[in-house]
Amino acid sequence: MKNLDVIQRWRSIRRYRDEAVPDDVVHAVLDAGRRAPSWENVQPWHFIAVTDAVVKGKLQELARGQKHVGRAPVVIACCGDIGAWEKRRNREVLMELIEAGVMKATEEVVDNVLLKDPMFCVAENGPAIVLARTMEQLAIAYTFIALEAVNQGLGVCMVGAFGNDVTRGQEELYHEVRQLLKLPDDHYLLALLTMGYPAEEPSARPRKPMEKIASREVYGNLF
């Protein structure tokens, strides 16, 4: 299927058939996320495919009782790896790019330019920007996952309303969920993707017209 066809088919699906999603299909959608682009190839993400009813129930509770979270055959817990931006790890991925021949730079440039310039090194900008960049990069990856899920005939809903490190809601329950998922300290649960075979065909939601969201050359010059 063409990419534009997949995008045009996108709907937020909250009702699913009582049918398991095969492991190879789950693997395929996760592989789409694995292949997503990221800043300096840092890849600050980890995805946990949850099918356990108890854990899904806890996720539903964490999401203020949103029923589709508990009822979906699969919930992908989308985690941001804050520690990926630490300079030692950032340096490792930059050196990997050089060794793979996909980035032309020297070790001296990496150490004295890329890891010291705040335009290149996210860690130089402080924890707020690190979190913002992590959420940005994670969103790219889980969008890849969601689109491949549609390509595989699945329905997906992106869930951001739940207690976590950003919303500061239900902190005790969030800590419990972190333990259930065995998250490392530097991993934040930042989004959920509910996933399964659709049991509904909702209409497309309205979108802003092109002239409201895009310009040619300068703001306001109609495309």
# chains A, B, ... in the order shown; residues from 1 in each chain; ligands from 1
$ residues_around --residues "Val93 in chain A" --least-positions-apart "3" --cutoff "9 Å" --atoms "only C-alpha atoms" --output "ChimeraX atom specification"
/A:40-42,89-90,96-98
$ write_last_selection --atoms "N, CA, C and O atoms" --output "compact mmCIF listing (two decimals), in the first residue's frame"
# COMPACT_ATOMS: atom_id res chain seq x y z
N GLU A 40 20.91 12.63 15.38
CA GLU A 40 22.23 12.01 15.51
C GLU A 40 22.16 10.50 15.75
O GLU A 40 23.07 9.90 16.33
N ASN A 41 21.07 9.90 15.32
CA ASN A 41 20.85 8.46 15.46
C ASN A 41 20.84 7.99 16.91
O ASN A 41 21.15 6.84 17.22
N VAL A 42 20.46 8.90 17.82
CA VAL A 42 20.45 8.57 19.25
C VAL A 42 19.39 7.51 19.58
O VAL A 42 19.59 6.69 20.46
N ARG A 89 26.97 8.18 25.92
CA ARG A 89 26.17 7.38 24.97
C ARG A 89 26.00 8.10 23.65
O ARG A 89 26.00 7.48 22.58
N ASN A 90 25.84 9.44 23.70
CA ASN A 90 25.75 10.22 22.47
C ASN A 90 27.01 10.04 21.64
O ASN A 90 26.96 9.88 20.42
N GLU A 96 29.71 5.37 15.98
CA GLU A 96 29.14 4.31 15.14
C GLU A 96 28.82 4.83 13.75
O GLU A 96 29.03 4.13 12.74
N LEU A 97 28.28 6.06 13.68
CA LEU A 97 27.96 6.65 12.38
C LEU A 97 29.23 6.85 11.56
O LEU A 97 29.23 6.61 10.34
N ILE A 98 30.29 7.29 12.22
CA ILE A 98 31.56 7.50 11.51
C ILE A 98 32.11 6.17 11.02
O ILE A 98 32.53 6.03 9.86
$ residues_around --residues "range 63-66 of chain A" --least-positions-apart "4" --cutoff "8 Å" --atoms "only C-alpha atoms" --output "JSON, numbers by chain"
{"A": [59, 70, 161, 162, 163]}
$ closest_residue --among "A:Gln152, A:Gln137, A:Thr51, A:Ser12" --to "Val74 in chain A" --atoms "only C-alpha atoms"
A:Thr51
$ residues_around --residues "Lys56 in chain A" --least-positions-apart "6" --cutoff "12 Å" --atoms "only C-alpha atoms" --output "list in words"
Ile48, Ala49, Val50, Leu62, Ala63, Gly65, Gln66, Lys67, His68, Val69, Gly70, Arg71, Ala72, Pro73, Val74, Val75, Ile76, Ala77, Val177, Leu180, Leu181, Leu192, Leu193, Thr194 and Met195 of chain A
$ write_last_selection --atoms "C-alpha atoms" --output "mmCIF file, in the first residue's frame"
data_model
loop_
_atom_site.group_PDB
_atom_site.id
_atom_site.type_symbol
_atom_site.label_atom_id
_atom_site.label_comp_id
_atom_site.auth_asym_id
_atom_site.auth_seq_id
_atom_site.Cartn_x
_atom_site.Cartn_y
_atom_site.Cartn_z
ATOM 1 C CA ILE A 48 7.003 -2.734 25.278
ATOM 2 C CA ALA A 49 4.237 -4.802 23.699
ATOM 3 C CA VAL A 50 1.767 -5.553 26.506
ATOM 4 C CA LEU A 62 -3.581 4.972 34.893
ATOM 5 C CA ALA A 63 -5.357 6.440 31.848
ATOM 6 C CA GLY A 65 -10.356 4.467 32.991
ATOM 7 C CA GLN A 66 -10.216 4.773 29.209
ATOM 8 C CA LYS A 67 -11.813 1.440 28.339
ATOM 9 C CA HIS A 68 -10.051 0.812 25.055
ATOM 10 C CA VAL A 69 -6.716 0.687 26.888
ATOM 11 C CA GLY A 70 -7.815 -2.375 28.839
ATOM 12 C CA ARG A 71 -9.755 -3.983 25.987
ATOM 13 C CA ALA A 72 -7.180 -3.684 23.203
ATOM 14 C CA PRO A 73 -5.475 -6.974 22.329
ATOM 15 C CA VAL A 74 -2.095 -5.192 22.434
ATOM 16 C CA VAL A 75 -0.964 -1.998 24.126
ATOM 17 C CA ILE A 76 2.410 -0.626 23.110
ATOM 18 C CA ALA A 77 4.011 1.209 26.023
ATOM 19 C CA VAL A 177 3.150 0.445 36.578
ATOM 20 C CA LEU A 180 5.340 -3.966 36.478
ATOM 21 C CA LEU A 181 7.053 -2.940 33.241
ATOM 22 C CA LEU A 192 0.458 4.369 24.814
ATOM 23 C CA LEU A 193 -0.667 2.855 21.523
ATOM 24 C CA THR A 194 -3.734 0.626 21.748
ATOM 25 C CA MET A 195 -3.783 -1.846 18.894
#
$ residues_around --residues "Ile13 in chain A" --least-positions-apart "4" --cutoff "10 Å" --atoms "only C-alpha atoms" --output "PyMOL selection string"
chain A and resi 68+72+154-158+194-202
$ atom_distance --atom1 "CA of Val25 in chain A" --atom2 "CA of Tyr142 in chain A"
15.3 Å
$ closest_residue --among "A:Ile145, A:Val166, A:Leu190, A:Met135" --to "Val26 in chain A" --atoms "only C-alpha atoms"
A:Ile145
$ atom_distance --atom1 "CA of Glu86 in chain A" --atom2 "CA of His175 in chain A"
23.6 Å
$ select_by_dssp --residues "range 4-223 of chain A" --states "strand (DSSP E or B)" --output "compact mmCIF listing (two decimals) with C-alpha atoms, in the first residue's frame"
# COMPACT_ATOMS: atom_id res chain seq x y z
CA SER A 12 -8.31 6.57 15.90
CA TYR A 16 -11.40 -3.98 18.59
CA TRP A 45 13.15 4.99 22.78
CA HIS A 46 12.02 1.60 23.93
CA PHE A 47 8.70 -0.09 23.13
CA ILE A 48 7.00 -2.73 25.28
CA ALA A 49 4.24 -4.80 23.70
CA VAL A 50 1.77 -5.55 26.51
CA VAL A 74 -2.10 -5.19 22.43
CA VAL A 75 -0.96 -2.00 24.13
CA ILE A 76 2.41 -0.63 23.11
CA ALA A 77 4.01 1.21 26.02
CA CYS A 78 6.13 3.90 24.35
CA CYS A 79 9.05 4.84 26.57
CA GLY A 80 11.52 7.67 26.20
CA ASP A 81 15.11 6.81 27.04
CA GLY A 155 -6.51 -0.17 14.18
CA VAL A 156 -4.59 2.07 16.56
CA CYS A 157 -5.31 4.83 19.03
CA MET A 158 -2.61 7.11 20.42
CA VAL A 159 -3.11 7.74 24.14
CA HIS A 187 13.13 5.51 30.93
CA TYR A 188 9.86 7.46 31.05
CA LEU A 189 6.51 6.06 29.92
CA LEU A 190 5.35 8.87 27.61
CA ALA A 191 2.65 7.42 25.34
CA LEU A 192 0.46 4.37 24.81
CA LEU A 193 -0.67 2.85 21.52
CA THR A 194 -3.73 0.63 21.75
CA MET A 195 -3.78 -1.85 18.89
CA GLY A 196 -5.99 -4.57 17.45
CA PRO A 198 -10.89 -2.81 14.17
CA SER A 215 2.67 28.51 3.01
CA LEU A 222 -0.86 30.39 -0.19
$ decode --residues "range 11-23 of chain A" --atoms "all heavy atoms" --output "PDB file, in the first residue's frame"
ATOM      1  N   ARG A  11      -7.548   6.373  11.197  1.00  0.00           N
ATOM      2  CA  ARG A  11      -8.615   6.734  12.121  1.00  0.00           C
ATOM      3  C   ARG A  11      -8.156   6.313  13.513  1.00  0.00           C
ATOM      4  O   ARG A  11      -7.442   5.313  13.658  1.00  0.00           O
ATOM      5  CB  ARG A  11      -9.940   6.015  11.808  1.00  0.00           C
ATOM      6  CG  ARG A  11     -10.497   6.215  10.404  1.00  0.00           C
ATOM      7  CD  ARG A  11     -11.027   7.624  10.183  1.00  0.00           C
ATOM      8  NE  ARG A  11     -11.708   7.723   8.896  1.00  0.00           N
ATOM      9  CZ  ARG A  11     -11.097   7.959   7.740  1.00  0.00           C
ATOM     10  NH1 ARG A  11      -9.781   8.128   7.710  1.00  0.00           N
ATOM     11  NH2 ARG A  11     -11.782   8.029   6.613  1.00  0.00           N
ATOM     12  N   SER A  12      -8.566   7.025  14.534  1.00  0.00           N
ATOM     13  CA  SER A  12      -8.308   6.569  15.903  1.00  0.00           C
ATOM     14  C   SER A  12      -9.334   5.498  16.232  1.00  0.00           C
ATOM     15  O   SER A  12     -10.535   5.776  16.283  1.00  0.00           O
ATOM     16  CB  SER A  12      -8.415   7.745  16.881  1.00  0.00           C
ATOM     17  OG  SER A  12      -7.358   8.655  16.676  1.00  0.00           O
ATOM     18  N   ILE A  13      -8.873   4.272  16.416  1.00  0.00           N
ATOM     19  CA  ILE A  13      -9.754   3.129  16.650  1.00  0.00           C
ATOM     20  C   ILE A  13      -9.731   2.772  18.125  1.00  0.00           C
ATOM     21  O   ILE A  13      -8.672   2.523  18.707  1.00  0.00           O
ATOM     22  CB  ILE A  13      -9.313   1.915  15.802  1.00  0.00           C
ATOM     23  CG1 ILE A  13      -9.326   2.268  14.307  1.00  0.00           C
ATOM     24  CG2 ILE A  13     -10.200   0.709  16.097  1.00  0.00           C
ATOM     25  CD1 ILE A  13     -10.691   2.628  13.765  1.00  0.00           C
ATOM     26  N   ARG A  14     -10.934   2.722  18.710  1.00  0.00           N
ATOM     27  CA  ARG A  14     -11.054   2.415  20.137  1.00  0.00           C
ATOM     28  C   ARG A  14     -11.850   1.143  20.411  1.00  0.00           C
ATOM     29  O   ARG A  14     -11.970   0.740  21.562  1.00  0.00           O
ATOM     30  CB  ARG A  14     -11.702   3.606  20.865  1.00  0.00           C
ATOM     31  CG  ARG A  14     -10.832   4.857  20.853  1.00  0.00           C
ATOM     32  CD  ARG A  14     -11.551   6.034  21.501  1.00  0.00           C
ATOM     33  NE  ARG A  14     -10.671   7.196  21.628  1.00  0.00           N
ATOM     34  CZ  ARG A  14     -10.442   8.071  20.662  1.00  0.00           C
ATOM     35  NH1 ARG A  14     -11.049   7.912  19.471  1.00  0.00           N
ATOM     36  NH2 ARG A  14      -9.632   9.096  20.856  1.00  0.00           N
ATOM     37  N   ARG A  15     -12.390   0.544  19.381  1.00  0.00           N
ATOM     38  CA  ARG A  15     -13.111  -0.728  19.535  1.00  0.00           C
ATOM     39  C   ARG A  15     -12.422  -1.768  18.664  1.00  0.00           C
ATOM     40  O   ARG A  15     -12.180  -1.533  17.473  1.00  0.00           O
ATOM     41  CB  ARG A  15     -14.579  -0.573  19.138  1.00  0.00           C
ATOM     42  CG  ARG A  15     -15.379   0.366  20.041  1.00  0.00           C
ATOM     43  CD  ARG A  15     -16.796   0.542  19.518  1.00  0.00           C
ATOM     44  NE  ARG A  15     -17.486  -0.746  19.437  1.00  0.00           N
ATOM     45  CZ  ARG A  15     -18.590  -0.933  18.708  1.00  0.00           C
ATOM     46  NH1 ARG A  15     -19.090   0.055  17.986  1.00  0.00           N
ATOM     47  NH2 ARG A  15     -19.168  -2.121  18.696  1.00  0.00           N
ATOM     48  N   TYR A  16     -12.161  -2.942  19.273  1.00  0.00           N
ATOM     49  CA  TYR A  16     -11.399  -3.975  18.589  1.00  0.00           C
ATOM     50  C   TYR A  16     -12.130  -5.315  18.629  1.00  0.00           C
ATOM     51  O   TYR A  16     -12.847  -5.616  19.589  1.00  0.00           O
ATOM     52  CB  TYR A  16     -10.017  -4.129  19.244  1.00  0.00           C
ATOM     53  CG  TYR A  16      -9.257  -2.832  19.332  1.00  0.00           C
ATOM     54  CD1 TYR A  16      -9.246  -2.085  20.516  1.00  0.00           C
ATOM     55  CD2 TYR A  16      -8.554  -2.334  18.242  1.00  0.00           C
ATOM     56  CE1 TYR A  16      -8.566  -0.882  20.596  1.00  0.00           C
ATOM     57  CE2 TYR A  16      -7.866  -1.134  18.315  1.00  0.00           C
ATOM     58  CZ  TYR A  16      -7.880  -0.412  19.493  1.00  0.00           C
ATOM     59  OH  TYR A  16      -7.216   0.783  19.574  1.00  0.00           O
ATOM     60  N   ARG A  17     -11.896  -6.104  17.593  1.00  0.00           N
ATOM     61  CA  ARG A  17     -12.426  -7.462  17.589  1.00  0.00           C
ATOM     62  C   ARG A  17     -11.697  -8.290  18.641  1.00  0.00           C
ATOM     63  O   ARG A  17     -10.537  -8.027  18.968  1.00  0.00           O
ATOM     64  CB  ARG A  17     -12.254  -8.107  16.210  1.00  0.00           C
ATOM     65  CG  ARG A  17     -12.922  -7.346  15.085  1.00  0.00           C
ATOM     66  CD  ARG A  17     -13.194  -8.239  13.884  1.00  0.00           C
ATOM     67  NE  ARG A  17     -12.019  -8.927  13.388  1.00  0.00           N
ATOM     68  CZ  ARG A  17     -11.284  -8.488  12.362  1.00  0.00           C
ATOM     69  NH1 ARG A  17     -11.590  -7.345  11.756  1.00  0.00           N
ATOM     70  NH2 ARG A  17     -10.242  -9.176  11.941  1.00  0.00           N
ATOM     71  N   ASP A  18     -12.378  -9.294  19.153  1.00  0.00           N
ATOM     72  CA  ASP A  18     -11.779 -10.190  20.138  1.00  0.00           C
ATOM     73  C   ASP A  18     -10.907 -11.203  19.398  1.00  0.00           C
ATOM     74  O   ASP A  18     -11.239 -12.374  19.268  1.00  0.00           O
ATOM     75  CB  ASP A  18     -12.874 -10.889  20.945  1.00  0.00           C
ATOM     76  CG  ASP A  18     -12.294 -11.725  22.076  1.00  0.00           C
ATOM     77  OD1 ASP A  18     -11.112 -11.506  22.427  1.00  0.00           O
ATOM     78  OD2 ASP A  18     -13.024 -12.595  22.609  1.00  0.00           O
ATOM     79  N   GLU A  19      -9.790 -10.720  18.921  1.00  0.00           N
ATOM     80  CA  GLU A  19      -8.893 -11.520  18.087  1.00  0.00           C
ATOM     81  C   GLU A  19      -7.456 -11.120  18.391  1.00  0.00           C
ATOM     82  O   GLU A  19      -7.114  -9.933  18.353  1.00  0.00           O
ATOM     83  CB  GLU A  19      -9.216 -11.277  16.607  1.00  0.00           C
ATOM     84  CG  GLU A  19      -8.364 -12.054  15.632  1.00  0.00           C
ATOM     85  CD  GLU A  19      -8.754 -11.780  14.186  1.00  0.00           C
ATOM     86  OE1 GLU A  19      -9.823 -11.194  13.935  1.00  0.00           O
ATOM     87  OE2 GLU A  19      -7.959 -12.149  13.292  1.00  0.00           O
ATOM     88  N   ALA A  20      -6.650 -12.093  18.707  1.00  0.00           N
ATOM     89  CA  ALA A  20      -5.251 -11.812  19.040  1.00  0.00           C
ATOM     90  C   ALA A  20      -4.494 -11.314  17.812  1.00  0.00           C
ATOM     91  O   ALA A  20      -4.798 -11.710  16.679  1.00  0.00           O
ATOM     92  CB  ALA A  20      -4.579 -13.062  19.591  1.00  0.00           C
ATOM     93  N   VAL A  21      -3.534 -10.465  18.046  1.00  0.00           N
ATOM     94  CA  VAL A  21      -2.651  -9.997  16.973  1.00  0.00           C
ATOM     95  C   VAL A  21      -1.437 -10.918  16.940  1.00  0.00           C
ATOM     96  O   VAL A  21      -0.737 -11.056  17.958  1.00  0.00           O
ATOM     97  CB  VAL A  21      -2.206  -8.540  17.214  1.00  0.00           C
ATOM     98  CG1 VAL A  21      -1.290  -8.085  16.085  1.00  0.00           C
ATOM     99  CG2 VAL A  21      -3.424  -7.627  17.335  1.00  0.00           C
ATOM    100  N   PRO A  22      -1.174 -11.580  15.813  1.00  0.00           N
ATOM    101  CA  PRO A  22      -0.043 -12.512  15.754  1.00  0.00           C
ATOM    102  C   PRO A  22       1.286 -11.835  16.084  1.00  0.00           C
ATOM    103  O   PRO A  22       1.493 -10.654  15.796  1.00  0.00           O
ATOM    104  CB  PRO A  22      -0.061 -12.993  14.292  1.00  0.00           C
ATOM    105  CG  PRO A  22      -1.465 -12.772  13.837  1.00  0.00           C
ATOM    106  CD  PRO A  22      -1.939 -11.540  14.555  1.00  0.00           C
ATOM    107  N   ASP A  23       2.178 -12.610  16.660  1.00  0.00           N
ATOM    108  CA  ASP A  23       3.477 -12.062  17.053  1.00  0.00           C
ATOM    109  C   ASP A  23       4.249 -11.481  15.875  1.00  0.00           C
ATOM    110  O   ASP A  23       4.944 -10.473  16.023  1.00  0.00           O
ATOM    111  CB  ASP A  23       4.330 -13.155  17.719  1.00  0.00           C
ATOM    112  CG  ASP A  23       3.893 -13.455  19.144  1.00  0.00           C
ATOM    113  OD1 ASP A  23       3.096 -12.675  19.700  1.00  0.00           O
ATOM    114  OD2 ASP A  23       4.355 -14.469  19.695  1.00  0.00           O
TER     115      ASP A  23
END
